[in-house]
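The structure appears below as structure tokens.
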There are 2 protein chains.
Amino acid sequence: MSGDQEQSARLTRREMLKTSALAGAGFSLSRLGFDREWLLPGSVCSSKVPASAGTMMEVKFRGYDTVRVGIIGVGGRGSELLRALLPIEHIQVRAICDIVKEQVLIGQKAVTDAGQKEPHGYFRGDHDFERLCSRDDLDIIYIATPWEWHVPMALSAMRNGKHVALEVPAATTLEDCWALVDKSEQTRCHCTMLENRCYGHHEMMVLNMIRDGVFGNILHGETAYIHRVHGLPVVNEGEGLWRNFPHMKRMGNLYPTHGLGPLARYMDINRGDRFESISSVSSIARGLALHEVARMPAGKSMRKACFGREINTSVITTATGRTVTLQHDIIDPRTYDRLSMVVGTKGAFRDYPPMVCIGRPEQDAWTTLDVYKDRYEDSLWTGVRGCAGNPCRHGDMDSIMNRRLIQCMREGLAPDIDVYDAATWSASGPLSILSMEKGGAPVQFPDFTRGKALSLRA
Amino acid sequence: MSGDQEQSARLTRREMLKTSALAGAGFSLSRLGFDREWLLPGSVCSSKVPASAGTMMEVKFRGYDTVRVGIIGVGGRGSELLRALLPIEHIQVRAICDIVKEQVLIGQKAVTDAGQKEPHGYFRGDHDFERLCSRDDLDIIYIATPWEWHVPMALSAMRNGKHVALEVPAATTLEDCWALVDKSEQTRCHCTMLENRCYGHHEMMVLNMIRDGVFGNILHGETAYIHRVHGLPVVNEGEGLWRNFPHMKRMGNLYPTHGLGPLARYMDINRGDRFESISSVSSIARGLALHEVARMPAGKSMRKACFGREINTSVITTATGRTVTLQHDIIDPRTYDRLSMVVGTKGAFRDYPPMVCIGRPEQDAWTTLDVYKDRYEDSLWTGVRGCAGNPCRHGDMDSIMNRRLIQCMREGLAPDIDVYDAATWSASGPLSILSMEKGGAPVQFPDFTRGKALSLRA
């Protein structure tokens with residue numbers, strides 16, 4: 001399907017939704033942007049484009065025959081992304097950067113093993129990524145580095161006229177969220193966020209069901225990142241870099257996007273609705289001390305470190321009056337869960353295991369999501385092994401996510417997740433900290449879309 | 001087991017907990033009141049006792065050979081309670097009151113069918129309950145009437161020197177919560193609340209597990225009242241009295257105690273910890289209009305009524321730093337659920353179905369609660385059919401609840417749920433409304449125990 005055909009298909013689908021039962025209920029939730037925004041020209045991402053304050057919402061990639069990729073960061077996460085990228089047709093990995101030379105060499109070998117030309121390697125210290133960004137043969141730069149490097153690297157890439165695919169969270173401060181938005185608008189380069197949970201088998205199927213009105217008007221959602229990580233270092237290296245260490249310095253929900261991403265898409269956040277406020281509290285920290293610090297050598301300074309809080313619970317309200325609960329717990333004993341729950345006037349979905357409850361008087365009952373597979377499984381998952389009721393495998397979600405991003409670039413579509421989504425979802429981190437500092441009082445989300453999120457409402 | 005033996009057994013159990021692993025973690029959650037409070041004399045509930053500001057916490061019933069019961073309200077709920085009471089030995093139902101004479105007659109027949117003398121009937125209008133309260137042959141008065149009558153009736157009963165067993169919620173305003181506390185302290189009459197969910201099979205087993213330290217330090221809990229009620233009248237009669245009608249007038253969580261009661265007991269609320277603040281938001285109301293109002297005759301004024309909000313989500317923090325989420329939804333399609341979840345440093349429990357996750361490095365996994373049945377099933381449930389993974393039957397919980405209350409009265413124990421619990425749990429209703437009026441800002445719980453809740457901390 002060509003880009004035009006794809007766009008046309010989407011338009012038809014959206015047009016259809018406008019006249020669906022949803023609209024009949026006087027509150028068309030799936031009315032997302034069938035208006036002038038769709039007619040914007042494709043993104044001409046370039047360092048030479050003059051500054052512009054125009055929106056990047058629904059701005060389409062210009063269309064690429066071959067997508068030329070650079071990657072900054074090929075440690076644990078970056079090499080997973082590379083593995084997911086390489087089997088995709090019509091891409092070329094042209095450059096790889098990491099501060100650890102060995103990781104660059106491993107990455108280069110993976111690329112040549114996949115039959116591609118050896119990509120250029122960059123490993124001359126913390127700022128060698130700038131040389132990668134300034135190459136003139138890249139279309140998009142993947143960034144999978146420690147959190148504090150996300151924004152400087154993304155800004156450098158966009159300054160150099162490259163689209164960006166940034167790991168989660170895109171940013172950890174409100175200022176940095178705005179910096180990404182400003183730069184994307186100025187350079188006309190997209191800054192998408194690599195939130196692979198949006199590409200889970202269940203999540204994509206549920207999104208299709210929501211857009212088809214199966215659940216009626218969406219009123220409430222619940223999500224979380226519950227992932228007990230045993231025995232990881234409580235130090236600033238390896239996975240400790242992002243899993244444990246930040247919790248010693250800051251309270252709040254430091255890792256919100258895995259849960260929030262899919263739910264924001266279910267609720268058309270930034271496409272007819274927007275996150276308005278968040279209030280946030282956390283439980284005392286007892287498990288962290290019990291499980292993590294206790295096994296560190298006595299006398300080591302880390303043992304005495306002050307761990308602030310442990311299980312974070314945030315409540316988000318939206319401009320149209322929906323509510324969302326968002327939780328974070330990486331310490332206490334529960335199996336991996338994102339608690340995914342979405343409740344509409346006609347039905348509800350919850351995970352795990354994935355269950356659907358479609359309301360019928362006197363006989364509400366949860367049934368397995370599988371019942372809806374034939375009709376609503378996303379075509380990107382066709383032929384891919386499913387998840388059999390369990391959380392999807394990382395690699396599968398990464399694969400679908402990257403396939404979809406490359407598809408959007410090649411076919412000249414807008415990215416599913418744009419810089420406004422990246423900024424909004426990520427902002428819930430610093431906003432949760434701000435709310436906790438105010439004793440759990442609600443704090444307002446910035447409207448990164450500058451008013452356009454709600455202008456798309458029916 | 002005599003009252004003294006029972007008390008002695010409890011003391012020994014509490015003493016044991018003091019030295020358990022919990023205490024070793026520096027945060028003894030189950031340290032509940034093994035101190036002077038236990039040595040208070042038994043309650044001499046009488047209209048002739050002079051006013052006193054002394055606490056009613058852990059005040060023991062004086063001990064009764066036979067418990068003489070009066071019941072006000074034998075409609076839908078009251079007749080269920082009567083059915084649950086009648087099989088219990090050593091009780092006599094002496095008086096029954098209802099504004100509907102037929103209901104009184106049905107109640108009287110139920111009592112004589114059970115082999116007891118016919119109780120006196122009161123049905124001469126709204127205030128005939130006062131004649132029942134003034135009898136001199138009753139030890140406790142059950143009250144199962146519409147919400148707005150709970151407090152005036154309970155106050156009348158206590159003024160007349162009768163203990164009170166009050167349906168949920170005990171009160172719907174903070175002033176009325178305080179009125180119950182003041183009157184209970186003045187008259188030395190207990191005002192317990194008939195929160196039958198505290199007597200569920202799972203809930204009692206989990207409480208025993210928590211008190212034995214199975215879950216470690218309790219950090220977080222989640223609960224709800226999710227009970228879609230199809231086709232009930234949106235009018236002020238029958239079940240509409242409390243299920244639907246109040247939602248037309250007020251926003252917030254109007255029915256909080258079913259979820260909160262068990263969780264408060266898990267967290268030793270008012271016995272070492274206390275609810276400190278609550279913040280509350282609600283989703284827009286769409287389902288209520290869709291499912292309930294739509295089926296009313298066109299033109300009926302109720303169709304035009306303004307329904308405020310629908311799915312309420314509240315977050316409670318406790319003085320020792322735990323967090324609780326509390327939800328209310330009686331409209332949208334989900335099966336009955338109280339979402340019961342409690343998370344501790346060593347394990348977690350969730351319902352339904354009832355699952356336990358005890359943390360072991362690298363292999364957290366949920367197992368069925370049944371595994372713990374032999375060791376932790378509450379003795380009150382021994383021989384009673386279980387719930388087979390489903391919500392317990394109403395009648396079974398009612399039966400256990402009433403058996404336990406009568407046991408406490410006969411053996412001279414303190415009630416499990418005292419006036420402070422009734423006031424605290426019920427207060428979350430009006431406090432949620434207050435928070436919503438302040439845009440979801442946290443509002444403080446009154447300390448109905450007047451500082452004693454925390455004085456019981458280790």
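Note on naming: chains are A, B, ... as they come in the structure tokens, residues start from 1 per chain, ligands start from 1 in the order shown.
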
8 Å contacts from chain B to chain A using only C-alpha atoms, as a PyMOL selection string: chain B and resi 217+219-220+230-231+279+281-284+286-287+290+311+313+317+320-323+332-335+343-348+357-362+364-366+439-442

Non-local contacts of stretch 168-181 of chain A (7 Å; only C-alpha atoms; under 2 positions in same chain excluded) as an NGL selection string: :A and (150-151 or 155 or 166 or 183-185 or 193-195 or 255 or 257 or 419-420 or 422-423 or 426-427 or 429-430)

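Reported to one decimal place, the separation of atom CA of B:Asp337 from atom CA of A:Pro262 is 23.8 Å.
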
Which residues are close to A:Ala264, i.e. within 9 Å by only C-alpha atoms, leaving aside same-chain residues fewer than 5 positions away? Reply as a short mmCIF file (atom, residue, chain, number, x, y, z; two decimals) with all heavy atoms, in the first residue's frame.
data_model
loop_
_atom_site.label_atom_id
_atom_site.label_comp_id
_atom_site.auth_asym_id
_atom_site.auth_seq_id
_atom_site.Cartn_x
_atom_site.Cartn_y
_atom_site.Cartn_z
N GLY A 259 3.45 2.19 31.22
CA GLY A 259 2.03 2.05 31.49
C GLY A 259 1.22 3.12 30.79
O GLY A 259 0.14 2.86 30.26
N ILE A 269 -5.13 10.91 23.95
CA ILE A 269 -4.44 12.04 24.58
C ILE A 269 -3.62 12.77 23.51
O ILE A 269 -2.90 12.14 22.72
CB ILE A 269 -3.53 11.55 25.73
CG1 ILE A 269 -4.38 10.89 26.82
CG2 ILE A 269 -2.70 12.70 26.30
CD1 ILE A 269 -5.47 11.76 27.42
N ASN A 270 -3.73 14.07 23.47
CA ASN A 270 -3.14 14.97 22.46
C ASN A 270 -3.82 14.88 21.10
O ASN A 270 -3.35 15.47 20.13
CB ASN A 270 -1.61 14.72 22.28
CG ASN A 270 -0.83 15.13 23.52
OD1 ASN A 270 -1.33 15.90 24.34
ND2 ASN A 270 0.39 14.62 23.64
N ARG A 274 -6.57 15.72 26.61
CA ARG A 274 -5.20 15.88 27.09
C ARG A 274 -5.13 15.65 28.59
O ARG A 274 -6.13 15.79 29.29
CB ARG A 274 -4.65 17.26 26.72
CG ARG A 274 -5.21 18.41 27.50
CD ARG A 274 -4.52 19.72 27.08
NE ARG A 274 -4.68 20.74 28.10
CZ ARG A 274 -3.90 20.90 29.16
NH1 ARG A 274 -2.87 20.11 29.35
NH2 ARG A 274 -4.14 21.85 30.06
N PHE A 275 -3.94 15.23 29.06
CA PHE A 275 -3.74 15.11 30.49
C PHE A 275 -3.79 16.50 31.09
O PHE A 275 -3.11 17.42 30.61
CB PHE A 275 -2.39 14.46 30.80
CG PHE A 275 -2.30 13.00 30.45
CD1 PHE A 275 -1.09 12.43 30.06
CD2 PHE A 275 -3.42 12.17 30.52
CE1 PHE A 275 -1.01 11.08 29.75
CE2 PHE A 275 -3.34 10.82 30.21
CZ PHE A 275 -2.12 10.27 29.82
N ASP A 421 3.60 13.63 22.42
CA ASP A 421 3.36 12.44 23.23
C ASP A 421 4.58 12.13 24.10
O ASP A 421 4.45 11.85 25.30
CB ASP A 421 3.06 11.23 22.33
CG ASP A 421 1.85 11.46 21.44
OD1 ASP A 421 0.86 12.05 21.93
OD2 ASP A 421 1.91 11.08 20.25
N TRP A 425 3.92 12.20 28.08
CA TRP A 425 4.04 10.98 28.89
C TRP A 425 5.24 11.11 29.84
O TRP A 425 5.15 10.74 31.00
CB TRP A 425 4.22 9.74 28.00
CG TRP A 425 3.17 9.56 26.95
CD1 TRP A 425 2.01 10.28 26.81
CD2 TRP A 425 3.19 8.62 25.87
NE1 TRP A 425 1.31 9.84 25.73
CE2 TRP A 425 1.98 8.82 25.13
CE3 TRP A 425 4.07 7.62 25.46
CZ2 TRP A 425 1.68 8.05 24.00
CZ3 TRP A 425 3.77 6.85 24.35
CH2 TRP A 425 2.59 7.07 23.63
#

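For stretch 46-137 of chain B, the set of residues given alpha helix (DSSP H) by DSSP on the backbone reads Gly76, Arg77, Gly78, Ser79, Glu80, Leu81, Leu82, Arg83, Ala84, Leu85, Lys101, Glu102, Gln103, Val104, Leu105, Ile106, Gly107, Gln108, Lys109, Ala110, Val111, Thr112, Asp113, Phe129, Glu130, Arg131, Leu132 and Cys133 of chain B.
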
Separation of atom CA of B:Gly54 from atom CA of B:Gln186 in Å: 7.8 Å
